[in-house]
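Below: the structure, in structure tokens.
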Amino acid sequence: MKISLNWLRDYVDIRMEVKDLVNLLTMGGLEVEAAIPTGQGFEKIIVAEIASIRRHPNADRLVLVEAKTGEERFSVVCGATNIREGHRVPLARVGAKLPIGVEIKRSKIRGEVSEGMLCSEIELGMGQDASGIMILNPDAPLGADFGDVIGLKDTILEVSITPNRPDCLCVIGVAREIAALTQQRVKYPPVTLSSQGGEIDEKTSVTILDPDLCPRYVARMIEGVKIGPSPHWLRNRLEKIGIRSINNVVDVTNYAMIEYGQPLHAFDFELLEERRIVVRRARRGEAFTTLDGVKRSLDEEMLMICDGVKPVALAGIMGGLNSEIRAETRTVLLESAYFQPANNRRTSKKLGFETEASYRFGRGVDYGGALTAANRAASLIQEIAGARGVEGVIDAYPKPIRPNPILLDVRNVNRILGTSIPIGQVRTYLEHLELDVREEAEGRLSVTPPSFRGDLEREIDLVEEVARLSGYENIPLTLPQGPPSSEEKGRELILEQKVKDLLVRHGYHEVITYSFTAPHSMNALRLSPGDPRMKCLPILNPLTEDSSVMRTSLIPGLIETARYNLSHKNVNLMIFELKKVYLNIAGERLPRETKYLTGLAMGMDGDPHWACPRRAVDFYDVKGFLEDLFEYLRIKGVAFGRAADVPYLHPGTSSRVLLGKEEIGLLGEIHPQVSSDYGIPGKIFLFEVDFERMGKYAGEESKFRPLPKFPAIHRDLSVVVEDHLEAERVEEAIHLLRQPLIDEVKLFDVYRGHQVPQGKKSFSYRIRYQAGDRTLTDDEVNQYHEKVISRLREIFGAELRG
């Protein structure tokens, strides 16, 4: 939330530097993410008074203005017609640079010297009014810096408000925190509007048909309203925190919301049929068009604000087009209510949109402050819109809410915090938070929270408040009591960490993507409609359409991450994710949760270096990692087979990962069409492994094996086979001979070309023969080697390459 520091100063004295205030709030539980200075660019623009106005001798539409700033006087040529002697205006002196980019220079205009420029709103970048010079308040101090006078020089604090502190979603709420942390009292804005009199009861009424969803509804009426632009101070405060100015009445409701945290709504009273308000549930299928022009279909769980005939607002979310404030509006009915937070939140989620009002109502506003906020807004409308408040107020509050007192044992405070804070100091801290505190038995306090602190429900909540106000940094360091935990990490957790460590050593970076995804996220993978991964499990109350189903694969998330990195010029990428996917099971309410390990690689294999040229990552980088992974986990019998039928992988550069007859994963190049659909140029390689299946085959930790005492003998073998044959099949056939002396088989060359017939290729292997109890002879090795050659001829029709 954005908060103006100048606005805060209206309610609490702030004598510290901005950086100290940021630290104070952050350490007090309100994290300040940024402190942004505003109002820069008004140097050499000062307040001046028009001393005299004379006609320009050489131009009919220009005048000569003498402007004074105290002792100094300036001659200015001006073409505006709205200025009079005695007006105080912004004067840009020579050398000033206006926010619109114009630099003011001493010049001659039609023969007369101009020593500056009188400025309009548009020239100061403060609005769109270019019809005349901006007229300031008569009491604006002469010669003062314009940015200071108008309140433009400010600091905007961006405060992160946690969901349990909706009371801080307003300026006064943050001011309360500052006051409590600095031992002050908040200076609340004065409201002189009378709540007495029954005139309003003769003009309108409020009926609440569903008090469980609307416990309180306050209405005030203002007559004789003149709709127009808001004054500068009001527009300035709203626009600095990102709220667009609309008109004086709507701006006041937004101002009061930001000030008190209470959303308000203004109805054009003349558009309310039967001149009354009815609060009721919507009817199933009932349609309503909100202020944004969208027609929305409602259900019976949603709350509506209606007149005597029709709906006029979606309670706590947005008003309707049929009762909005218009230029012709003369009578305003002001709504200030308390709506049940959970219902408001559900309505907002169902309809798929959130407003400033629903954001606050959904977290819980101050049910005790509805009347105060209504009075404040009505008072401001009277002040700036030339209106008259109708006597009296309607406060429909059938079952007043009363906060429950909390019993606080000060001994528990000190036991939990490890402190020795006396009861008197604890009471002072709580009273600074505007809590009602009464002493009970020895060492105990009865504490009643105010209506705006709905988060205080238990004793531990009060302990936290004492910790905040005494200072977290003042809590002494203590060792935890009790014996250390003897619980050991589970096998799966250890395995996860080992796999992640290996990936990092291979240059991969871990990413975490959302478990919620869009329904169309799997479409780009070109899966068939019958594929189980296309049947995503929908979420009951999704935040947005793009996160409305549970993911069935990690691949779309990784590709989206790659696209995001690519858009930020990070073109060399090696990332992985080890998380669950959620597969819908027919007839089951809950999905099957399966953990997958998925990795992606693209670009070059490293950063530029003078000593070694870079190369593009390829299929063998990904396959090589998986081979290293299986060897690291001591998983034996892994084979790689063709995967030409996987729709999202390139048919010629893809492979299945097999353990016996069980498929545990896939790897390969992403199909060019998939890459194109994601808008990613170049090649992308990925692997996907069912982590839980793989984990079942993981062996024990590596054990020491003594170095061999006897030397090994190596034999190279080059065979010519059919071009479609995989090297993996040849190596597998050699191992299936189960010859105890064959210790290792490694492929070191693949060749196509001269001396190899068309449609065939050559594999070259190096076979290591070794015995643990003796030195092998050439004759023994030759016998075993001949068996290998015979076996390959028999199975594959292989021939020795000459």
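By order of appearance in the structure tokens: chains A, B, ..., then residues from 1 within every chain, and ligands from 1 in the order shown.
Residues lying within 6 Å of Leu408 in chain A, counting only C-alpha atoms and ignoring same-chain neighbours fewer than 3 positions away, are Arg444, Leu445 and Glu459 of chain A.
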**Prompt:** Could you pull the residues within 7 Å of range 109-124 of chain A, counting only C-alpha atoms, minus those fewer than 6 positions along the same chain, as a list in words?
**Reply:** Asn58, Phe74, Ser75, Val76, Val77, Val89, Pro90, Leu91, Ala92, Arg93, Val94, Leu98, Pro99, Ile100, Ala130, Gly132, Ile133 and Met134 of chain A
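Reported to one decimal place, the separation of CA of Ser358 in chain A from CA of Ile317 in chain A is 4.8 Å.
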**Message:** Give me the residues near Gly665 in chain A as JSON, numbers by chain, where near means some atom within 12 Å (using only C-alpha atoms) and where sequence neighbours in that chain fewer than 4 positions away do not count.
**Reply:** {"A": [596, 597, 598, 599, 623, 626, 638, 639, 640, 641, 642, 643, 646, 654, 655, 656, 657, 658, 659, 686, 687, 688, 689, 690, 691, 692, 693, 694]}
**Message:** Residues near Leu157 in chain A, anyone? I mean within 9 Å using only C-alpha atoms, not counting same-chain ones fewer than 3 positions away, as a list in words.
**Reply:** Met1, Lys2, Ile3, Ser4, Leu5, Val22, Val32, Glu33, Ala34, Ala35, Ile36 and Pro37 of chain A
**Request:** Extract, using only C-alpha atoms, all DNA, RNA and protein residues at most 10 Å from Thr517 in chain A, discarding same-chain residues fewer than 5 positions from it, and format them as a count of residues only.
**Result:** 16
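CA of Arg705 in chain A is positioned 14.1 Å from CA of Arg634 in chain A.
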